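Reproduced below: query_1.cif, with mmCIF, C-alpha atoms (C1' of nucleotides).
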```cif
data_entry
#
loop_
_atom_site.label_atom_id
_atom_site.label_comp_id
_atom_site.auth_asym_id
_atom_site.auth_seq_id
_atom_site.Cartn_x
_atom_site.Cartn_y
_atom_site.Cartn_z
CA MET A 16 29.94 -64.90 77.87
CA LYS A 17 28.41 -61.79 79.36
CA LYS A 18 26.52 -59.50 77.05
CA LYS A 19 27.97 -56.04 76.53
CA THR A 20 26.08 -53.37 78.41
CA ALA A 21 25.42 -50.09 76.61
CA PRO A 22 27.76 -47.26 77.64
CA ALA A 23 26.25 -44.46 79.68
CA HIS A 24 26.27 -41.95 76.86
CA VAL A 25 24.05 -44.01 74.55
CA CYS A 26 21.18 -41.94 73.25
CA LYS A 27 18.08 -43.99 74.03
CA ALA A 28 15.89 -41.49 72.24
CA ALA A 29 17.48 -42.29 68.92
CA LEU A 30 17.00 -46.01 69.43
CA SER A 31 13.30 -45.64 70.11
CA ILE A 32 12.42 -44.32 66.66
CA ALA A 33 9.78 -46.57 65.17
CA PRO A 34 10.91 -48.48 62.07
CA GLU A 35 7.97 -47.05 60.18
CA THR A 36 8.98 -43.52 61.13
CA LEU A 37 12.46 -44.25 59.83
CA TYR A 38 11.00 -45.32 56.49
CA ASP A 39 8.99 -42.12 56.34
CA LEU A 40 12.09 -40.13 57.17
CA ALA A 41 14.06 -41.87 54.43
CA ASP A 42 11.24 -41.11 52.02
CA LEU A 43 11.29 -37.46 53.01
CA PHE A 44 15.02 -37.15 52.38
CA LYS A 45 14.65 -39.09 49.16
CA VAL A 46 12.41 -36.32 47.85
CA PHE A 47 15.16 -33.80 48.55
CA GLY A 48 17.76 -36.08 47.02
CA ASP A 49 17.31 -35.05 43.40
CA SER A 50 18.69 -31.89 41.85
CA THR A 51 15.68 -31.32 39.61
CA ARG A 52 13.37 -31.36 42.60
CA LEU A 53 15.71 -29.09 44.54
CA ARG A 54 15.73 -26.66 41.62
CA ILE A 55 11.94 -26.74 41.56
CA LEU A 56 11.82 -26.03 45.28
CA CYS A 57 14.29 -23.17 44.78
CA ALA A 58 12.04 -21.74 42.09
CA LEU A 59 9.18 -21.81 44.60
CA PHE A 60 11.13 -20.18 47.43
CA GLY A 61 10.21 -16.73 46.24
CA SER A 62 6.63 -17.19 45.20
CA GLU A 63 4.19 -19.59 43.63
CA ARG A 64 4.78 -20.53 40.00
CA CYS A 65 2.96 -22.38 37.26
CA VAL A 66 4.30 -25.52 35.59
CA GLN A 67 5.17 -23.76 32.36
CA HIS A 68 7.13 -21.09 34.17
CA ILE A 69 9.16 -23.62 36.14
CA ALA A 70 9.81 -25.67 33.03
CA GLU A 71 11.18 -22.63 31.22
CA GLU A 72 13.23 -21.57 34.20
CA LEU A 73 14.88 -24.99 34.46
CA GLY A 74 15.07 -25.58 30.71
CA MET A 75 13.11 -28.81 30.93
CA THR A 76 9.89 -30.18 29.46
CA HIS A 77 6.65 -29.48 31.27
CA SER A 78 6.07 -33.21 31.35
CA ALA A 79 9.19 -33.82 33.42
CA ILE A 80 8.32 -30.93 35.70
CA SER A 81 4.73 -32.06 36.05
CA HIS A 82 5.85 -35.55 37.05
CA GLN A 83 8.18 -34.15 39.68
CA LEU A 84 5.57 -31.72 40.97
CA ARG A 85 3.16 -34.58 41.42
CA PHE A 86 5.84 -36.43 43.37
CA LEU A 87 6.53 -33.35 45.47
CA LYS A 88 2.82 -32.94 46.14
CA GLN A 89 2.33 -36.58 47.07
CA ASN A 90 5.06 -36.07 49.63
CA LYS A 91 3.42 -32.88 50.84
CA LEU A 92 6.33 -30.58 50.04
CA VAL A 93 4.26 -28.44 47.68
CA LYS A 94 0.63 -27.52 47.30
CA ASN A 95 -1.20 -26.08 44.34
CA ARG A 96 -4.16 -24.00 43.34
CA LYS A 97 -5.89 -23.77 39.99
CA GLU A 98 -6.64 -20.52 38.25
CA GLY A 99 -8.28 -21.04 34.91
CA LYS A 100 -6.03 -23.20 32.77
CA THR A 101 -2.94 -22.74 34.85
CA VAL A 102 -1.98 -24.46 38.08
CA PHE A 103 0.15 -22.58 40.55
CA TYR A 104 2.45 -24.51 42.81
CA SER A 105 3.94 -23.27 46.06
CA LEU A 106 5.77 -24.65 49.08
CA ALA A 107 3.54 -26.61 51.45
CA ASP A 108 5.08 -25.07 54.55
CA GLU A 109 8.20 -23.41 55.88
CA HIS A 110 9.67 -26.72 57.02
CA VAL A 111 10.66 -27.35 53.45
CA HIS A 112 12.78 -24.23 53.41
CA THR A 113 14.21 -25.06 56.82
CA ILE A 114 15.30 -28.55 55.84
CA PHE A 115 16.74 -27.23 52.60
CA ASN A 116 18.76 -24.58 54.42
CA GLN A 117 19.98 -26.99 57.06
CA GLY A 118 21.43 -29.22 54.35
CA LEU A 119 22.79 -26.26 52.44
CA LYS A 120 24.60 -25.07 55.54
CA HIS A 121 26.30 -28.44 55.83
CA VAL A 122 27.30 -28.49 52.17
CA LEU A 123 28.68 -24.95 52.22
CA GLU A 124 30.73 -25.60 55.35
CA ASP A 125 32.39 -28.57 53.70
CA LEU A 126 34.02 -26.46 50.99
CA MET B 289 2.45 -6.58 29.09
CA LYS B 290 4.37 -5.56 32.16
CA LYS B 291 6.51 -8.20 33.76
CA LYS B 292 5.54 -9.31 37.23
CA THR B 293 7.83 -7.89 39.87
CA ALA B 294 8.90 -10.26 42.63
CA PRO B 295 6.98 -9.78 45.86
CA ALA B 296 8.86 -8.36 48.82
CA HIS B 297 9.23 -11.70 50.55
CA VAL B 298 11.24 -13.28 47.74
CA CYS B 299 14.42 -14.84 49.05
CA LYS B 300 17.08 -13.70 46.63
CA ALA B 301 19.67 -15.81 48.43
CA ALA B 302 17.94 -18.97 47.35
CA LEU B 303 18.04 -17.95 43.71
CA SER B 304 21.78 -17.39 43.76
CA ILE B 305 22.72 -20.94 44.71
CA ALA B 306 25.32 -22.27 42.30
CA PRO B 307 24.15 -25.25 40.20
CA GLU B 308 27.10 -27.25 41.48
CA THR B 309 26.12 -26.54 45.07
CA LEU B 310 22.64 -27.76 44.28
CA TYR B 311 24.06 -31.03 42.99
CA ASP B 312 26.10 -31.41 46.17
CA LEU B 313 23.01 -30.69 48.21
CA ALA B 314 21.00 -33.29 46.32
CA ASP B 315 23.81 -35.77 46.92
CA LEU B 316 23.78 -35.01 50.62
CA PHE B 317 20.05 -35.62 50.92
CA LYS B 318 20.40 -38.73 48.78
CA VAL B 319 22.64 -40.20 51.45
CA PHE B 320 19.91 -39.67 54.04
CA GLY B 321 17.30 -41.03 51.65
CA ASP B 322 17.72 -44.71 52.46
CA SER B 323 16.35 -46.44 55.53
CA THR B 324 19.35 -48.72 55.94
CA ARG B 325 21.68 -45.73 56.08
CA LEU B 326 19.37 -43.94 58.49
CA ARG B 327 19.36 -47.02 60.72
CA ILE B 328 23.14 -47.09 60.61
CA LEU B 329 23.30 -43.42 61.56
CA CYS B 330 20.85 -44.09 64.40
CA ALA B 331 23.09 -46.87 65.63
CA LEU B 332 25.96 -44.39 65.71
CA PHE B 333 24.05 -41.66 67.54
CA GLY B 334 24.97 -43.08 70.91
CA SER B 335 28.54 -44.13 70.35
CA GLU B 336 30.95 -45.55 67.81
CA ARG B 337 30.34 -49.11 66.65
CA CYS B 338 32.13 -51.72 64.60
CA VAL B 339 30.76 -53.18 61.36
CA GLN B 340 29.88 -56.51 62.91
CA HIS B 341 27.95 -54.88 65.71
CA ILE B 342 25.93 -52.71 63.35
CA ALA B 343 25.24 -55.69 61.08
CA GLU B 344 23.89 -57.70 64.02
CA GLU B 345 21.85 -54.79 65.29
CA LEU B 346 20.19 -54.30 61.92
CA GLY B 347 19.97 -57.98 61.07
CA MET B 348 21.92 -57.54 57.85
CA THR B 349 25.11 -58.95 56.36
CA HIS B 350 28.38 -57.20 57.15
CA SER B 351 28.92 -56.85 53.41
CA ALA B 352 25.80 -54.75 52.98
CA ILE B 353 26.70 -52.67 56.01
CA SER B 354 30.29 -52.27 54.87
CA HIS B 355 29.16 -51.03 51.47
CA GLN B 356 26.85 -48.50 53.06
CA LEU B 357 29.48 -47.38 55.56
CA ARG B 358 31.87 -46.75 52.70
CA PHE B 359 29.19 -44.68 51.03
CA LEU B 360 28.53 -42.78 54.24
CA LYS B 361 32.25 -42.16 54.66
CA GLN B 362 32.71 -40.99 51.07
CA ASN B 363 30.00 -38.46 51.76
CA LYS B 364 31.66 -37.47 55.02
CA LEU B 365 28.78 -38.41 57.28
CA VAL B 366 30.85 -40.90 59.25
CA LYS B 367 34.50 -41.37 60.11
CA ASN B 368 36.33 -44.45 61.35
CA ARG B 369 39.30 -45.60 63.34
CA LYS B 370 40.99 -48.96 63.35
CA GLU B 371 41.75 -50.93 66.48
CA GLY B 372 43.35 -54.24 65.71
CA LYS B 373 41.07 -56.20 63.45
CA THR B 374 38.01 -54.13 64.06
CA VAL B 375 37.06 -50.79 62.55
CA PHE B 376 34.96 -48.44 64.61
CA TYR B 377 32.65 -46.04 62.84
CA SER B 378 31.21 -42.86 64.30
CA LEU B 379 29.38 -39.76 63.13
CA ALA B 380 31.61 -37.29 61.30
CA ASP B 381 30.11 -34.29 63.06
CA GLU B 382 27.00 -33.05 64.82
CA HIS B 383 25.52 -31.68 61.60
CA VAL B 384 24.50 -35.20 60.75
CA HIS B 385 22.40 -35.44 63.88
CA THR B 386 20.99 -31.96 63.26
CA ILE B 387 19.86 -32.72 59.73
CA PHE B 388 18.41 -36.03 60.86
CA ASN B 389 16.43 -34.37 63.63
CA GLN B 390 15.20 -31.58 61.38
CA GLY B 391 13.72 -34.13 59.01
CA LEU B 392 12.36 -36.22 61.85
CA LYS B 393 10.59 -33.19 63.25
CA HIS B 394 8.87 -32.66 59.91
CA VAL B 395 7.85 -36.30 59.65
CA LEU B 396 6.49 -36.47 63.18
CA GLU B 397 4.47 -33.29 62.76
CA ASP B 398 2.77 -34.73 59.69
CA LEU B 399 1.13 -37.55 61.64
"C1'" DT C 121 53.36 -71.36 58.65
"C1'" DT C 122 48.03 -72.09 58.96
"C1'" DA C 123 43.63 -70.87 60.82
"C1'" DA C 124 40.34 -67.69 62.45
"C1'" DT C 125 38.25 -63.20 62.57
"C1'" DA C 126 36.95 -58.52 60.88
"C1'" DT C 127 36.42 -55.77 57.13
"C1'" DA C 128 36.59 -54.37 52.23
"C1'" DT C 129 35.40 -54.72 47.52
"C1'" DG C 130 34.27 -56.02 42.51
"C1'" DA C 131 30.71 -58.16 39.81
"C1'" DA C 132 26.13 -59.57 39.17
"C1'" DC C 133 21.41 -59.09 39.89
"C1'" DA C 134 17.07 -57.05 40.96
"C1'" DT C 135 14.65 -53.05 41.85
"C1'" DA C 136 13.90 -48.11 41.75
"C1'" DT C 137 14.00 -43.84 39.52
"C1'" DA C 138 14.03 -39.79 36.09
"C1'" DT C 139 13.02 -38.47 31.68
"C1'" DT C 140 10.84 -38.81 27.18
"C1'" DC C 141 7.07 -39.68 24.22
"C1'" DA C 142 2.47 -40.03 23.14
"C1'" DT C 143 -1.85 -39.18 24.62
"C1'" DA C 144 -5.59 -37.61 27.73
"C1'" DT C 145 -8.03 -34.08 30.36
"C1'" DA C 146 -9.46 -29.40 31.37
"C1'" DT C 147 -10.16 -24.66 30.38
"C1'" DT C 148 -10.75 -20.79 27.41
"C1'" DA C 149 -11.29 -18.54 22.96
"C1'" DT C 150 -13.19 -18.39 18.36
"C1'" DA D 93 -18.67 -27.19 17.47
"C1'" DT D 94 -13.21 -26.68 16.75
"C1'" DA D 95 -8.79 -24.90 18.03
"C1'" DA D 96 -5.44 -23.48 21.25
"C1'" DT D 97 -3.32 -23.64 25.69
"C1'" DA D 98 -1.96 -25.65 30.23
"C1'" DT D 99 -1.42 -29.54 32.72
"C1'" DA D 100 -1.58 -34.56 33.81
"C1'" DT D 101 -0.43 -39.23 33.13
"C1'" DG D 102 0.65 -44.14 31.45
"C1'" DA D 103 4.16 -46.67 29.11
"C1'" DA D 104 8.77 -47.22 27.70
"C1'" DT D 105 13.56 -46.55 28.21
"C1'" DA D 106 17.85 -45.63 30.28
"C1'" DT D 107 20.28 -45.03 34.32
"C1'" DA D 108 21.04 -45.43 39.27
"C1'" DT D 109 20.95 -47.92 43.41
"C1'" DG D 110 20.96 -51.64 47.21
"C1'" DT D 111 21.96 -56.20 48.28
"C1'" DT D 112 24.12 -60.61 47.63
"C1'" DC D 113 27.86 -63.54 46.53
"C1'" DA D 114 32.43 -64.63 46.10
"C1'" DT D 115 36.77 -63.23 47.01
"C1'" DA D 116 40.53 -60.27 48.77
"C1'" DT D 117 43.01 -57.92 52.44
"C1'" DA D 118 44.48 -57.23 57.19
"C1'" DT D 119 45.20 -58.52 61.84
"C1'" DT D 120 45.72 -61.77 65.54
"C1'" DA D 121 46.12 -66.42 67.51
"C1'" DA D 122 47.92 -71.01 67.53
#
```
Write the structure described by the file as structure tokens, please.
Amino acid sequence: MKKKTAPAHVCKAALSIAPETLYDLADLFKVFGDSTRLRILCALFGSERCVQHIAEELGMTHSAISHQLRFLKQNKLVKNRKEGKTVFYSLADEHVHTIFNQGLKHVLEDL
Amino acid sequence: MKKKTAPAHVCKAALSIAPETLYDLADLFKVFGDSTRLRILCALFGSERCVQHIAEELGMTHSAISHQLRFLKQNKLVKNRKEGKTVFYSLADEHVHTIFNQGLKHVLEDL
DNA sequence: TTAATATATGAACATATATTCATATATTAT
DNA sequence: ATAATATATGAATATATGTTCATATATTAA
């Protein structure tokens, strides 16, 4: 039995993504895949904010927010700076906003 | 104490996202947040494929793939058509590819 | 009909994840 | 020093999720 040959329109580029890269990509999307984290990111779209402020804005404990901020930082979606007792968090780069908006566009078009 | 006024670059649009929309958005990213599903999507980038074919390509059981395809379909990332015994799955629209690539770009730039 | 093939699906299991609680650290004020 | 404030974090708990297994459905062949 002859093996099937790939049709001409097969996208070789897609097939050449390293397995490790795919894991990283899944991890990236996983970070965006939680409404609390999305709400935190939204809160940071305008300007940097401290943990307390975010917690109040979302009506959640600072512990929960702090845990999620750590997660967001580990995944390089946010960065922070310390000023006295308070720590200000902000978006790591504009990619975050771009990815967010790309997804949002898809969601809004599906209504 | 005077309240801080938002700096000029604040994106008001982001603040007005409905909570429900944010949940939908989180759900969308959640779908992309699993390497098996990403691998399935990759397999569909070139052309439509049947369950068996995808299962072989990923070295997984057709049950696992079938479950994930159902999930992908429920979330409108893939569609399918039946031809005799076999069911062919394909990407629902080009947005899927766009979102995938947007994330990939971010991941690759972080190396 | 029976058998074979392709897919779908419910239940069970194991793992992952988000939040809470208690506690720890760090900074500033008194 | 102690107290107050802001944040961080480990452990525990509850929930969510991905895969496997067994079984069901659907189509085609014999």
Counting only C-alpha atoms (C1' of nucleotides), a student should be able to say which residues of chain C come within 10 Å of chain A; what is the right answer, written as an mmCIF file with C-alpha atoms (C1' of nucleotides), keeping the file's coordinate frame?
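Output file part_34.cif is given in full below:
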```
data_model
loop_
_atom_site.group_PDB
_atom_site.id
_atom_site.type_symbol
_atom_site.label_atom_id
_atom_site.label_comp_id
_atom_site.auth_asym_id
_atom_site.auth_seq_id
_atom_site.Cartn_x
_atom_site.Cartn_y
_atom_site.Cartn_z
ATOM 1 C "C1'" DA C 138 14.030 -39.790 36.090
ATOM 2 C "C1'" DT C 139 13.020 -38.470 31.680
ATOM 3 C "C1'" DT C 140 10.840 -38.810 27.180
ATOM 4 C "C1'" DC C 141 7.070 -39.680 24.220
ATOM 5 C "C1'" DA C 146 -9.460 -29.400 31.370
ATOM 6 C "C1'" DT C 147 -10.160 -24.660 30.380
ATOM 7 C "C1'" DT C 148 -10.750 -20.790 27.410
#
```
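The two atoms in question, CA of Asp108 in chain A and C1' of DT101 in chain D, are spaced 26.3 Å apart.
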Dump as a PyMOL selection string the residues of chain A that approach chain B to within 10 Å, counting only C-alpha atoms.
chain A and resi 21-32+34-54+56-62+91+110-123+125-126
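Near chain B, counting only C-alpha atoms (C1' of nucleotides) at 9 Å, the chain D residues are D:DG110, D:DT111, D:DT112, D:DA118, D:DT119, D:DT120.
Residues with any atom within 10 Å of DT107 in chain D, counting all atoms listed in the file and excluding same-chain neighbours fewer than 2 positions away, are DT137 and DA138 of chain C; DT105 and DT109 of chain D.
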Which distance in Å separates CA of Val339 in chain B and CA of Arg358 in chain B, to one decimal?
10.8 Å
Could you please determine the separation between CA of Ile328 in chain B and C1' of DA124 in chain C in Å, to one decimal place?
26.9 Å
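Evaluated against the shown file, the PyMOL selection byres ((chain C and resi 132) around 12) gives DG130, DA131, DC133 and DA134 of chain C; DT111, DT112, DC113 and DA114 of chain D.
Applied to the file shown here, the PyMOL selection byres ((chain C and resi 144) around 12) selects the residues DA142, DT143, DT145 and DA146 of chain C; DT99, DA100, DT101 and DG102 of chain D.
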Chain A in the frame of chain B after Cα least-squares fit, as a short mmCIF file (atom, residue, chain, number, x, y, z; two decimals) with C-alpha atoms, keeping the file's coordinate frame:
```cif
data_model
loop_
_atom_site.label_atom_id
_atom_site.label_comp_id
_atom_site.auth_asym_id
_atom_site.auth_seq_id
_atom_site.Cartn_x
_atom_site.Cartn_y
_atom_site.Cartn_z
CA MET A 16 4.15 -7.36 26.78
CA LYS A 17 5.79 -6.18 29.97
CA LYS A 18 7.74 -8.70 31.96
CA LYS A 19 6.41 -9.55 35.40
CA THR A 20 8.39 -7.94 38.17
CA ALA A 21 9.15 -10.05 41.24
CA PRO A 22 6.91 -9.30 44.23
CA ALA A 23 8.52 -7.54 47.17
CA HIS A 24 8.57 -10.59 49.39
CA VAL A 25 10.71 -12.70 47.04
CA CYS A 26 13.64 -14.19 48.88
CA LYS A 27 16.67 -13.22 46.82
CA ALA A 28 18.93 -15.25 49.06
CA ALA A 29 17.30 -18.48 47.99
CA LEU A 30 17.66 -17.61 44.33
CA SER A 31 21.38 -16.97 44.64
CA ILE A 32 22.28 -20.54 45.59
CA ALA A 33 24.84 -21.81 43.12
CA PRO A 34 23.63 -24.71 40.96
CA GLU A 35 26.61 -26.73 42.10
CA THR A 36 25.72 -26.12 45.74
CA LEU A 37 22.21 -27.34 45.00
CA TYR A 38 23.62 -30.57 43.56
CA ASP A 39 25.73 -31.03 46.67
CA LEU A 40 22.70 -30.39 48.83
CA ALA A 41 20.66 -32.94 46.90
CA ASP A 42 23.50 -35.42 47.33
CA LEU A 43 23.57 -34.79 51.06
CA PHE A 44 19.85 -35.44 51.43
CA LYS A 45 20.14 -38.46 49.17
CA VAL A 46 22.46 -40.03 51.73
CA PHE A 47 19.80 -39.58 54.39
CA GLY A 48 17.12 -40.87 52.06
CA ASP A 49 17.59 -44.58 52.72
CA SER A 50 16.30 -46.42 55.76
CA THR A 51 19.32 -48.71 56.01
CA ARG A 52 21.64 -45.74 56.19
CA LEU A 53 19.38 -44.02 58.71
CA ARG A 54 19.43 -47.16 60.85
CA ILE A 55 23.21 -47.22 60.64
CA LEU A 56 23.38 -43.59 61.70
CA CYS A 57 21.00 -44.36 64.58
CA ALA A 58 23.28 -47.18 65.66
CA LEU A 59 26.15 -44.68 65.74
CA PHE A 60 24.27 -42.02 67.70
CA GLY A 61 25.29 -43.54 70.99
CA SER A 62 28.85 -44.53 70.31
CA GLU A 63 31.20 -45.87 67.69
CA ARG A 64 30.57 -49.39 66.43
CA CYS A 65 32.31 -51.94 64.26
CA VAL A 66 30.86 -53.29 61.02
CA GLN A 67 30.03 -56.68 62.49
CA HIS A 68 28.17 -55.13 65.38
CA ILE A 69 26.07 -52.92 63.12
CA ALA A 70 25.34 -55.82 60.80
CA GLU A 71 24.06 -57.91 63.70
CA GLU A 72 22.06 -55.05 65.11
CA LEU A 73 20.30 -54.45 61.79
CA GLY A 74 20.07 -58.13 60.84
CA MET A 75 21.93 -57.60 57.59
CA THR A 76 25.09 -58.94 55.98
CA HIS A 77 28.36 -57.21 56.74
CA SER A 78 28.82 -56.77 53.02
CA ALA A 79 25.69 -54.64 52.71
CA ILE A 80 26.67 -52.65 55.78
CA SER A 81 30.22 -52.20 54.57
CA HIS A 82 28.99 -50.87 51.23
CA GLN A 83 26.72 -48.38 52.96
CA LEU A 84 29.42 -47.34 55.41
CA ARG A 85 31.73 -46.62 52.53
CA PHE A 86 29.00 -44.49 50.97
CA LEU A 87 28.42 -42.70 54.26
CA LYS A 88 32.15 -42.08 54.61
CA GLN A 89 32.52 -40.80 51.06
CA ASN A 90 29.83 -38.30 51.91
CA LYS A 91 31.57 -37.41 55.14
CA LEU A 92 28.74 -38.42 57.45
CA VAL A 93 30.86 -40.98 59.28
CA LYS A 94 34.52 -41.45 60.04
CA ASN A 95 36.38 -44.54 61.13
CA ARG A 96 39.40 -45.74 63.00
CA LYS A 97 41.12 -49.10 62.85
CA GLU A 98 41.97 -51.15 65.89
CA GLY A 99 43.58 -54.43 65.00
CA LYS A 100 41.25 -56.34 62.71
CA THR A 101 38.19 -54.31 63.47
CA VAL A 102 37.18 -50.93 62.11
CA PHE A 103 35.13 -48.65 64.29
CA TYR A 104 32.78 -46.21 62.66
CA SER A 105 31.35 -43.09 64.26
CA LEU A 106 29.49 -39.95 63.24
CA ALA A 107 31.66 -37.40 61.44
CA ASP A 108 30.19 -34.47 63.33
CA GLU A 109 27.13 -33.30 65.21
CA HIS A 110 25.56 -31.84 62.07
CA VAL A 111 24.53 -35.33 61.14
CA HIS A 112 22.51 -35.67 64.31
CA THR A 113 21.08 -32.19 63.86
CA ILE A 114 19.87 -32.83 60.33
CA PHE A 115 18.46 -36.18 61.37
CA ASN A 116 16.53 -34.62 64.25
CA GLN A 117 15.25 -31.76 62.15
CA GLY A 118 13.71 -34.24 59.72
CA LEU A 119 12.44 -36.42 62.52
CA LYS A 120 10.68 -33.45 64.07
CA HIS A 121 8.88 -32.83 60.80
CA VAL A 122 7.86 -36.47 60.43
CA LEU A 123 6.59 -36.76 64.00
CA GLU A 124 4.54 -33.58 63.72
CA ASP A 125 2.78 -34.93 60.66
CA LEU A 126 1.20 -37.83 62.55
#
```
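Look at Val375 in chain B: the protein and nucleic acid residues within 8 Å of it, using only C-alpha atoms (C1' of nucleotides) and passing over chain neighbours fewer than 5 places away, are Cys338, Val339, Asn368, Arg369 and Lys370 of chain B; DA126 and DT127 of chain C.
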To box range 53-71 of chain A, take all atoms listed in the file, fit an axis-aligned box, add 5 Å on each side, and give centre and edge lengths in Å to one decimal, as AutoDock Vina command-line options.
```
--center_x 9.3 --center_y -22.9 --center_z 39.3 --size_x 22.8 --size_y 22.4 --size_z 26.2
```
What do you get, as number ranges by chain, if you spell out every residue that the PyMOL selection byres ((chain C and resi 150) around 9) selects here?
C: 149; D: 94-95
N, CA and C atoms modelled onto range 93-115 of chain A, as an mmCIF file, in the frame of the given file:
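Result went into selection.cif, see below:
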```cif
data_model
loop_
_atom_site.group_PDB
_atom_site.id
_atom_site.type_symbol
_atom_site.label_atom_id
_atom_site.label_comp_id
_atom_site.auth_asym_id
_atom_site.auth_seq_id
_atom_site.Cartn_x
_atom_site.Cartn_y
_atom_site.Cartn_z
ATOM 1 N N VAL A 93 4.872 -29.558 48.396
ATOM 2 C CA VAL A 93 4.260 -28.440 47.680
ATOM 3 C C VAL A 93 2.747 -28.599 47.684
ATOM 4 N N LYS A 94 2.081 -27.490 47.475
ATOM 5 C CA LYS A 94 0.630 -27.520 47.300
ATOM 6 C C LYS A 94 0.329 -26.740 46.026
ATOM 7 N N ASN A 95 -0.892 -26.813 45.565
ATOM 8 C CA ASN A 95 -1.200 -26.080 44.340
ATOM 9 C C ASN A 95 -2.624 -25.514 44.359
ATOM 10 N N ARG A 96 -2.827 -24.566 43.489
ATOM 11 C CA ARG A 96 -4.160 -24.000 43.340
ATOM 12 C C ARG A 96 -4.366 -23.746 41.851
ATOM 13 N N LYS A 97 -5.587 -23.906 41.410
ATOM 14 C CA LYS A 97 -5.890 -23.770 39.990
ATOM 15 C C LYS A 97 -6.506 -22.403 39.733
ATOM 16 N N GLU A 98 -6.071 -21.806 38.643
ATOM 17 C CA GLU A 98 -6.640 -20.520 38.250
ATOM 18 C C GLU A 98 -6.823 -20.568 36.744
ATOM 19 N N GLY A 99 -8.022 -20.872 36.328
ATOM 20 C CA GLY A 99 -8.280 -21.040 34.910
ATOM 21 C C GLY A 99 -7.539 -22.259 34.399
ATOM 22 N N LYS A 100 -6.766 -22.075 33.343
ATOM 23 C CA LYS A 100 -6.030 -23.200 32.770
ATOM 24 C C LYS A 100 -4.761 -23.533 33.544
ATOM 25 N N THR A 101 -4.254 -22.539 34.234
ATOM 26 C CA THR A 101 -2.940 -22.740 34.850
ATOM 27 C C THR A 101 -3.038 -23.160 36.310
ATOM 28 N N VAL A 102 -2.063 -23.975 36.708
ATOM 29 C CA VAL A 102 -1.980 -24.460 38.080
ATOM 30 C C VAL A 102 -0.751 -23.857 38.737
ATOM 31 N N PHE A 103 -0.966 -23.189 39.841
ATOM 32 C CA PHE A 103 0.150 -22.580 40.550
ATOM 33 C C PHE A 103 0.596 -23.453 41.704
ATOM 34 N N TYR A 104 1.885 -23.701 41.726
ATOM 35 C CA TYR A 104 2.450 -24.510 42.810
ATOM 36 C C TYR A 104 3.212 -23.606 43.778
ATOM 37 N N SER A 105 3.192 -24.006 45.035
ATOM 38 C CA SER A 105 3.940 -23.270 46.060
ATOM 39 C C SER A 105 4.373 -24.237 47.155
ATOM 40 N N LEU A 106 5.287 -23.796 47.987
ATOM 41 C CA LEU A 106 5.770 -24.650 49.080
ATOM 42 C C LEU A 106 4.617 -24.965 50.039
ATOM 43 N N ALA A 107 4.613 -26.188 50.548
ATOM 44 C CA ALA A 107 3.540 -26.610 51.450
ATOM 45 C C ALA A 107 3.655 -25.906 52.795
ATOM 46 N N ASP A 108 4.865 -25.755 53.279
ATOM 47 C CA ASP A 108 5.080 -25.070 54.550
ATOM 48 C C ASP A 108 6.535 -24.643 54.672
ATOM 49 N N GLU A 109 6.845 -23.949 55.725
ATOM 50 C CA GLU A 109 8.200 -23.410 55.880
ATOM 51 C C GLU A 109 9.240 -24.466 56.250
ATOM 52 N N HIS A 110 8.745 -25.631 56.691
ATOM 53 C CA HIS A 110 9.670 -26.720 57.020
ATOM 54 C C HIS A 110 10.557 -27.069 55.829
ATOM 55 N N VAL A 111 9.942 -27.024 54.669
ATOM 56 C CA VAL A 111 10.660 -27.350 53.450
ATOM 57 C C VAL A 111 11.901 -26.461 53.318
ATOM 58 N N HIS A 112 11.679 -25.188 53.495
ATOM 59 C CA HIS A 112 12.780 -24.230 53.410
ATOM 60 C C HIS A 112 13.814 -24.492 54.509
ATOM 61 N N THR A 113 13.320 -24.808 55.682
ATOM 62 C CA THR A 113 14.210 -25.060 56.820
ATOM 63 C C THR A 113 15.113 -26.255 56.573
ATOM 64 N N ILE A 114 14.520 -27.349 56.107
ATOM 65 C CA ILE A 114 15.300 -28.550 55.840
ATOM 66 C C ILE A 114 16.319 -28.277 54.740
ATOM 67 N N PHE A 115 15.858 -27.599 53.703
ATOM 68 C CA PHE A 115 16.740 -27.230 52.600
ATOM 69 C C PHE A 115 17.950 -26.449 53.122
#
```
